[in-house]
Amino acid sequence: MKRTLITSALPYANGYLHLGHISGAYLPADMYARFLRISGENVLYVCGSDEHGVAINISAEKEKVSPQTIIDKYHNANKEAFEKFGMSFNIYSRTSLPEHHETAREFFGDALKNGYLIEKEEEQFYDTQANMFLPDRYVEGICPNCGSDKARGDQCDSCGAYYNQTELKNPISIISGKTPVVRKTTHWYYRFDKFQQFLEDYISSNESSWKDNVIQQTRSWLKAGMAERAITRDLSWGVSIDSIDGIDKEKAKGKVIYVWFDAVLGYITATKIWSKANNQNWELWWRDSETDYVAFIGKDNIVFHTIIFPAILKGAGNYILPKNVPANEFLNLEGQKFSKSRNWSIDLKDYFEDFKDGQFVDILRYTLAMNFPETKDSDFTWKDFQARANNELAAIYGNFVNRTLQFLHKSFEGKVPELSDRYKNLFVDWKNLIDNYSSEEVKSKFSEIYGENLLNLILSLHKGIEATSADYRKFKLRDALLDTMNIARASNKYFNDEEPWKSFKSDKDKAALTLNVCCQIVRSLSLLFAPILPFTSEKINDILGYKQTTGFPSDSSDVNYWAEASYPKLPENHFIKQPQILFNRIEDELIQNQISKLGDKTQQEPTPVEESNLISIEDFQKISLKTAKVISAEKMPKSKKLLKLQIQIGNETRQILAGVAEYYQPEYLIGKIIVVVANLKPAKLMGEESNGMMLAASIDGKLCFVSPEKDDIQDNAIVK
RNA sequence: GGCGAGGUAGCUCAGGUGGUUAGAGCGUCGGAUUCAUAACCCGAAGGUCAGGGGUUCAAUUCCCCUCCUCGCUACCA
């Protein structure tokens, strides 16, 4: 039997999930998983928290707690948010579990055995205060190539040069602010270069079914050529490689597996844990050719799932590879990127706090899905959220359900109307019509009895279902939703065209038919909307008194209920409860509140500044400001204003001229920490060279130099 | 800097191996209706498909350049 394994990128347990994450890798996967389950397929949907990596160390240090505290906090918060959001994971696991450490170590050991790991000794910066080796991102210094002082460990942002970390001049640990020392360390490199041909073949074989952006991005990497990459780090937090067979004990000390090797394996661990709990063999999901593996991710994660992970799996041997990697692009918020630091974000947990009523979960799911960044970055706006909720969910779907059930209770005592003799064969004729809808004869015969309106409705329903099914399988989830909503539109049209409020007086049998049909359609819509509106579907099913799946793992089966949505199911005289409003209209005020929360202070109207006076951050970064210690100071001969200063920046001494003689005695300045523009073009003033500029604040004839507020900061600190 | 993606109606987005009238939803305007959450249904208006150049009988679609946005490169979907 065919199985589908579905994964969503493991969220990093160092922050809260926001709407961007949800729209990228989680909601699409959930819709897909629910759709397949409703269609009677065997689905395993796994996810979990990614809980290793240096960023978690750093957060822990910053908050002065253990890494475990950090990951517990975010793992629990994100897990809870997912639950409230209706994610239908079979399991939501985490990579800090012992089972995962085992899995990761096993992969590491196998890679070693299979000759895909290579040991290399190298020199790396070590922060003696923080007691740790410094990954590239955590060292800054002066670029050996262009002299920019914003260069990172292994690459310079301003000139783009690559170099060895140890070539960096004046390196500073961004953790402690101290100068790191160089120490020798051993790391293990994965031989990705051995998989070049294999990966090229793999990508080519999927060319036709994968999204274009995924293929292109992957190709671009392959074109550059695969290289060995280190898969270990010197860190205290992560999966230790201690006492793995074939590894020197001493060398393995303090080494952990690099997160991007470890994180993707979390999918496998989660599967193992789930399988154990459910008495299944996990290998069915990862080693059986009857299993299709689909990995949902955001665009930043593409190569990890199209190159790195496949290479790891191949290196371990006997694993299936992703059959598809339907990566989404990114979601923007009101025209700008999500940014936690600028408070330009909507965290899932905050949304739940502000929108407590259950219907808002589905409203969010719907509005996000209608605007998935499937082919390019898309934009979430609160106005759009309101418009879709009011004009589509409430006005079309909600209204159809409501008008049907209201009418049913007003005119038919809340029971699915009995069909008169003329319409007695409805269920049989309905099915016959679907089975033979290309036959003009069948159609005209059906139309003769039941009317053209019903003919059109059933065809819209059936063709709509086929369209949605195809959409889901092609990962065109926005289209799937649109096609679903179009069925609701057709339903409203049917109700309108039939005018049961009139026929109830003139032709009661016809009105009974119309309402009977509308009840059937409500039941179908409840099923078809379940992947995106699971809570609403549950509510409707309850009102209908008709139990049916919403694609949650617990009500999986091998029946293709999706296809069965084409047919009527509710028997005559079946009692239906009083309707309730499914989606309340969202008022402007609610939306305004949300908009004004964005960006906090920056929300205030920015003071208009002449645009030509504004500089970009890049402009500012061109200026290198540093603290310096004044070693000596003397008056410039024949000058009223200038002092000649010798200053020290780190181990460098240089001379600068400062126009502060009218305000400071030279002796006073000696030993003081000042701020200088370190990369000012040297200039000659009165025959003396000045290599920089001392910063001073002045107003109304007063002047004083700028200095760090505490003596903690001595010379050679970056000012920004 | 290098590589990749994108710039299409007022808004959010589809589409396009070059060929008569470029699509959807929403918004706007008009009509019809009252069972229903001032909802539904019908109809209309709206686009030199970022800008410039080139190839061609023909370009929004192919090529080049420019501008803008984004991702990767560098473990945040």
# chains A, B, ... in the order shown; residues from 1 in each chain; ligands from 1
>>> select_by_dssp(residues="range 394-622 of chain A", states="alpha helix (DSSP H)", output="number ranges by chain")
A: 399-411, 426-435, 440-450, 452-473, 477-498, 500-506, 508-528, 534-544, 561-564, 588-597, 617-621
>>> write_last_selection(atoms="C-alpha atoms", output="CSV table (one decimal), in the first residue's frame")
chain,number,residue,atom,x,y,z
A,399,ASN,CA,-23.7,32.5,4.5
A,400,PHE,CA,-24.5,29.5,2.4
A,401,VAL,CA,-24.5,27.2,5.4
A,402,ASN,CA,-26.5,29.7,7.4
A,403,ARG,CA,-29.2,30.5,4.9
A,404,THR,CA,-29.6,26.8,4.2
A,405,LEU,CA,-30.0,25.8,7.8
A,406,GLN,CA,-32.1,28.8,8.7
A,407,PHE,CA,-34.5,28.0,5.9
A,408,LEU,CA,-34.5,24.4,7.0
A,409,HIS,CA,-35.6,25.2,10.5
A,410,LYS,CA,-38.1,27.9,9.4
A,411,SER,CA,-39.8,25.7,6.8
A,426,LEU,CA,-32.4,11.6,-6.5
A,427,PHE,CA,-29.5,9.7,-5.0
A,428,VAL,CA,-29.4,7.2,-7.8
A,429,ASP,CA,-29.8,9.7,-10.5
A,430,TRP,CA,-27.2,11.9,-8.9
A,431,LYS,CA,-24.7,9.1,-9.0
A,432,ASN,CA,-25.6,8.2,-12.5
A,433,LEU,CA,-25.2,11.7,-13.6
A,434,ILE,CA,-21.7,11.9,-12.2
A,435,ASP,CA,-20.7,8.6,-13.7
A,440,GLU,CA,-25.8,14.7,-23.3
A,441,GLU,CA,-28.7,12.3,-23.0
A,442,VAL,CA,-28.1,11.6,-19.3
A,443,LYS,CA,-27.7,15.3,-18.7
A,444,SER,CA,-30.9,16.3,-20.5
A,445,LYS,CA,-32.9,13.6,-18.8
A,446,PHE,CA,-31.6,14.6,-15.4
A,447,SER,CA,-32.4,18.2,-16.2
A,448,GLU,CA,-35.9,17.4,-17.2
A,449,ILE,CA,-36.7,16.0,-13.8
A,450,TYR,CA,-34.6,18.1,-11.5
A,452,GLU,CA,-31.0,22.7,-15.0
A,453,ASN,CA,-29.9,24.5,-11.8
A,454,LEU,CA,-29.3,21.2,-10.0
A,455,LEU,CA,-27.6,19.7,-13.1
A,456,ASN,CA,-25.2,22.6,-13.1
A,457,LEU,CA,-24.6,22.4,-9.3
A,458,ILE,CA,-23.8,18.8,-9.3
A,459,LEU,CA,-21.4,19.2,-12.2
A,460,SER,CA,-19.7,22.1,-10.5
A,461,LEU,CA,-19.4,20.1,-7.4
A,462,HIS,CA,-18.0,17.1,-9.1
A,463,LYS,CA,-15.6,18.9,-11.4
A,464,GLY,CA,-14.6,21.1,-8.5
A,465,ILE,CA,-13.7,18.1,-6.5
A,466,GLU,CA,-11.6,16.7,-9.3
A,467,ALA,CA,-9.9,20.0,-9.7
A,468,THR,CA,-9.1,20.4,-6.0
A,469,SER,CA,-7.7,16.9,-5.9
A,470,ALA,CA,-5.4,17.6,-8.8
A,471,ASP,CA,-4.4,21.0,-7.3
A,472,TYR,CA,-3.4,19.3,-4.0
A,473,ARG,CA,-1.4,16.7,-5.7
A,477,LEU,CA,-2.7,24.8,-2.6
A,478,ARG,CA,-4.0,28.3,-3.3
A,479,ASP,CA,-5.7,27.0,-6.4
A,480,ALA,CA,-7.1,24.1,-4.4
A,481,LEU,CA,-8.7,26.6,-2.0
A,482,LEU,CA,-10.0,28.8,-4.7
A,483,ASP,CA,-11.6,25.8,-6.4
A,484,THR,CA,-13.1,24.7,-3.1
A,485,MET,CA,-14.6,28.2,-2.5
A,486,ASN,CA,-15.9,28.1,-6.1
A,487,ILE,CA,-18.0,25.2,-5.1
A,488,ALA,CA,-19.5,27.3,-2.3
A,489,ARG,CA,-20.1,30.0,-4.8
A,490,ALA,CA,-21.9,27.6,-7.1
A,491,SER,CA,-24.0,26.5,-4.1
A,492,ASN,CA,-25.1,30.0,-3.4
A,493,LYS,CA,-26.0,30.4,-7.0
A,494,TYR,CA,-28.1,27.3,-6.9
A,495,PHE,CA,-29.9,28.5,-3.8
A,496,ASN,CA,-30.5,31.9,-5.5
A,497,ASP,CA,-31.7,30.5,-8.8
A,498,GLU,CA,-34.0,28.0,-7.2
A,500,PRO,CA,-37.0,28.1,-2.5
A,501,TRP,CA,-38.6,31.0,-0.5
A,502,LYS,CA,-40.9,31.4,-3.5
A,503,SER,CA,-41.3,27.7,-4.5
A,504,PHE,CA,-42.1,26.9,-0.9
A,505,LYS,CA,-45.4,28.6,-1.5
A,506,SER,CA,-46.0,27.6,-5.1
A,508,LYS,CA,-43.5,22.7,-2.0
A,509,ASP,CA,-42.0,19.5,-3.5
A,510,LYS,CA,-39.5,21.6,-5.4
A,511,ALA,CA,-38.6,23.5,-2.3
A,512,ALA,CA,-38.1,20.3,-0.5
A,513,LEU,CA,-35.7,19.1,-3.2
A,514,THR,CA,-33.8,22.3,-3.2
A,515,LEU,CA,-33.2,22.2,0.6
A,516,ASN,CA,-32.5,18.5,0.6
A,517,VAL,CA,-29.8,19.2,-2.0
A,518,CYS,CA,-28.4,22.1,0.0
A,519,CYS,CA,-28.1,20.0,3.1
A,520,GLN,CA,-26.1,17.5,1.1
A,521,ILE,CA,-23.9,20.2,-0.2
A,522,VAL,CA,-23.3,21.6,3.3
A,523,ARG,CA,-22.0,18.2,4.3
A,524,SER,CA,-19.8,18.0,1.2
A,525,LEU,CA,-18.4,21.4,1.8
A,526,SER,CA,-17.6,20.6,5.4
A,527,LEU,CA,-15.5,17.7,4.2
A,528,LEU,CA,-13.8,19.6,1.3
A,534,PRO,CA,-10.8,21.8,10.4
A,535,PHE,CA,-12.4,23.5,13.4
A,536,THR,CA,-15.2,24.9,11.3
A,537,SER,CA,-15.8,21.5,9.7
A,538,GLU,CA,-16.0,19.9,13.2
A,539,LYS,CA,-18.6,22.5,14.1
A,540,ILE,CA,-20.6,21.8,11.0
A,541,ASN,CA,-20.4,18.1,11.4
A,542,ASP,CA,-21.7,18.5,14.9
A,543,ILE,CA,-24.6,20.6,13.7
A,544,LEU,CA,-25.4,18.2,11.0
A,561,TYR,CA,-13.9,10.3,1.4
A,562,TRP,CA,-12.7,13.1,-0.8
A,563,ALA,CA,-14.1,11.5,-3.9
A,564,GLU,CA,-17.3,10.6,-2.0
A,588,ASP,CA,-12.5,47.8,11.3
A,589,GLU,CA,-11.6,48.5,14.9
A,590,LEU,CA,-10.1,45.1,15.5
A,591,ILE,CA,-8.0,45.4,12.4
A,592,GLN,CA,-6.8,48.9,13.3
A,593,ASN,CA,-5.6,47.7,16.7
A,594,GLN,CA,-3.5,45.1,15.0
A,595,ILE,CA,-2.0,47.5,12.5
A,596,SER,CA,-1.1,50.0,15.2
A,597,LYS,CA,0.7,47.3,17.2
A,617,ILE,CA,23.3,51.8,7.0
A,618,GLU,CA,25.8,50.8,4.4
A,619,ASP,CA,26.9,54.5,4.3
A,620,PHE,CA,27.3,54.5,8.0
A,621,GLN,CA,29.2,51.2,8.0
>>> closest_atom_pairs(of="chain B", to="chain A", cutoff="9 Å", atoms="only C-alpha atoms (C1' of nucleotides)", output="CSV")
residue,atom,partner,partner_atom,distance
B:G1,C1',A:Gly160,CA,5.2
B:G2,C1',A:Gly160,CA,8.9
B:C3,C1',A:Ser220,CA,6.2
B:G4,C1',A:Gln217,CA,5.5
B:A5,C1',A:Asn213,CA,6.6
B:G6,C1',A:Lys376,CA,6.4
B:C11,C1',A:Asp384,CA,8.4
B:U12,C1',A:Asn371,CA,7.3
B:C13,C1',A:Asn371,CA,7.5
B:A24,C1',A:Leu482,CA,8.9
B:G25,C1',A:Leu482,CA,8.2
B:C26,C1',A:Ala387,CA,7.2
B:U33,C1',A:Asn496,CA,8.6
B:C35,C1',A:Trp501,CA,5.6
B:A36,C1',A:Arg403,CA,4.1
B:U37,C1',A:Asn399,CA,6.7
B:A39,C1',A:Ala395,CA,5.5
B:C40,C1',A:Asn492,CA,6.3
B:C41,C1',A:Lys493,CA,6.0
B:C70,C1',A:Asp377,CA,7.3
B:G71,C1',A:Asp300,CA,6.3
B:C72,C1',A:Asp300,CA,6.9
B:A74,C1',A:Arg137,CA,7.7
B:C75,C1',A:Trp260,CA,5.5
B:C76,C1',A:Tyr12,CA,7.3
B:A77,C1',A:His21,CA,3.4
>>> residues_around(residues="range 654-666 of chain A", least_positions_apart="2", cutoff="6 Å", atoms="only C-alpha atoms (C1' of nucleotides)", output="PyMOL selection string")
chain A and resi 633-634+641-647+668-669+690-692
>>> write_last_selection(atoms="C-alpha atoms", output="mmCIF file, in the first residue's frame")
data_model
loop_
_atom_site.group_PDB
_atom_site.id
_atom_site.type_symbol
_atom_site.label_atom_id
_atom_site.label_comp_id
_atom_site.auth_asym_id
_atom_site.auth_seq_id
_atom_site.Cartn_x
_atom_site.Cartn_y
_atom_site.Cartn_z
ATOM 1 C CA ALA A 633 49.346 65.358 23.762
ATOM 2 C CA GLU A 634 51.105 68.572 22.935
ATOM 3 C CA LYS A 641 43.261 75.373 17.845
ATOM 4 C CA LEU A 642 45.267 72.241 17.167
ATOM 5 C CA LEU A 643 46.653 69.697 19.560
ATOM 6 C CA LYS A 644 48.958 66.938 18.365
ATOM 7 C CA LEU A 645 47.933 63.637 19.937
ATOM 8 C CA GLN A 646 49.587 60.226 19.893
ATOM 9 C CA ILE A 647 46.898 57.656 20.384
ATOM 10 C CA TYR A 668 44.345 66.740 30.751
ATOM 11 C CA LEU A 669 43.832 64.518 27.751
ATOM 12 C CA SER A 690 46.786 63.438 10.993
ATOM 13 C CA ASN A 691 45.575 59.852 10.790
ATOM 14 C CA GLY A 692 42.038 60.111 11.994
#
>>> atom_distance(atom1="CA of Leu117 in chain A", atom2="CA of Ala230 in chain A")
9.1 Å
>>> residues_around(residues="A44 in chain B", least_positions_apart="2", cutoff="12 Å", atoms="only C-alpha atoms (C1' of nucleotides)", output="number ranges by chain")
B: 28-31, 42, 46
>>> atom_distance(atom1="CA of Tyr92 in chain A", atom2="CA of Asp288 in chain A")
22.5 Å
>>> residues_around(residues="A50 in chain B", least_positions_apart="4", cutoff="10 Å", atoms="only C-alpha atoms (C1' of nucleotides)", output="PyMOL selection string")
chain B and resi 7-8+67-68
>>> closest_residue(among="A:Lys84, A:Lys113, A:Lys476, A:Arg94", to="Leu348 in chain A", atoms="only C-alpha atoms")
A:Lys84
>>> select_by_dssp(residues="range 282-448 of chain A", states="strand (DSSP E)", output="PDB file with N, CA and C atoms, in the first residue's frame")
ATOM      1  N   THR A 291       7.008   4.093  -0.349  1.00  0.00           N
ATOM      2  CA  THR A 291       6.771   5.318   0.405  1.00  0.00           C
ATOM      3  C   THR A 291       7.251   6.538  -0.383  1.00  0.00           C
ATOM      4  N   ASP A 292       6.376   7.528  -0.479  1.00  0.00           N
ATOM      5  CA  ASP A 292       6.767   8.812  -1.061  1.00  0.00           C
ATOM      6  C   ASP A 292       7.099   9.760   0.065  1.00  0.00           C
ATOM      7  N   TYR A 293       8.253  10.379  -0.019  1.00  0.00           N
ATOM      8  CA  TYR A 293       8.629  11.330   1.015  1.00  0.00           C
ATOM      9  C   TYR A 293       8.527  12.753   0.462  1.00  0.00           C
ATOM     10  N   VAL A 294       7.752  13.595   1.139  1.00  0.00           N
ATOM     11  CA  VAL A 294       7.580  14.982   0.724  1.00  0.00           C
ATOM     12  C   VAL A 294       8.037  15.903   1.853  1.00  0.00           C
ATOM     13  N   ALA A 295       8.992  16.765   1.554  1.00  0.00           N
ATOM     14  CA  ALA A 295       9.566  17.648   2.579  1.00  0.00           C
ATOM     15  C   ALA A 295       9.131  19.088   2.338  1.00  0.00           C
ATOM     16  N   PHE A 296       8.337  19.615   3.249  1.00  0.00           N
ATOM     17  CA  PHE A 296       7.892  21.006   3.150  1.00  0.00           C
ATOM     18  C   PHE A 296       8.874  21.925   3.867  1.00  0.00           C
ATOM     19  N   LEU A 331       6.866  35.066   3.185  1.00  0.00           N
ATOM     20  CA  LEU A 331       5.720  35.940   3.397  1.00  0.00           C
ATOM     21  C   LEU A 331       6.212  37.261   3.984  1.00  0.00           C
ATOM     22  N   ASN A 332       5.745  38.340   3.429  1.00  0.00           N
ATOM     23  CA  ASN A 332       6.028  39.652   4.018  1.00  0.00           C
ATOM     24  C   ASN A 332       4.838  40.087   4.851  1.00  0.00           C
ATOM     25  N   LEU A 333       5.039  41.104   5.647  1.00  0.00           N
ATOM     26  CA  LEU A 333       3.979  41.606   6.512  1.00  0.00           C
ATOM     27  C   LEU A 333       3.797  43.088   6.229  1.00  0.00           C
ATOM     28  N   SER A 378       5.060  36.800  -0.987  1.00  0.00           N
ATOM     29  CA  SER A 378       3.737  37.407  -0.993  1.00  0.00           C
ATOM     30  C   SER A 378       3.582  38.257   0.261  1.00  0.00           C
ATOM     31  N   ASP A 379       2.452  38.931   0.333  1.00  0.00           N
ATOM     32  CA  ASP A 379       2.292  39.941   1.370  1.00  0.00           C
ATOM     33  C   ASP A 379       1.058  39.665   2.222  1.00  0.00           C
ATOM     34  N   PHE A 380       1.230  39.665   3.521  1.00  0.00           N
ATOM     35  CA  PHE A 380       0.093  39.559   4.431  1.00  0.00           C
ATOM     36  C   PHE A 380      -0.262  40.954   4.912  1.00  0.00           C
TER      37      PHE A 380
END
>>> atom_distance(atom1="CA of Gln196 in chain A", atom2="CA of Glu283 in chain A")
26.5 Å
>>> residues_around(residues="Thr103 in chain A", least_positions_apart="4", cutoff="7 Å", atoms="only C-alpha atoms (C1' of nucleotides)", output="number ranges by chain")
A: 99, 107, 269
>>> residues_around(residues="Phe552 in chain A", least_positions_apart="4", cutoff="10 Å", atoms="only C-alpha atoms (C1' of nucleotides)", output="PyMOL selection string")
chain A and resi 30+33-35+37-38+86-90+530-531+534+556
>>> closest_residue(among="A:Ile713, A:Ala678, A:Leu97, A:Ile346", to="Ile142 in chain A", atoms="only C-alpha atoms")
A:Ala678
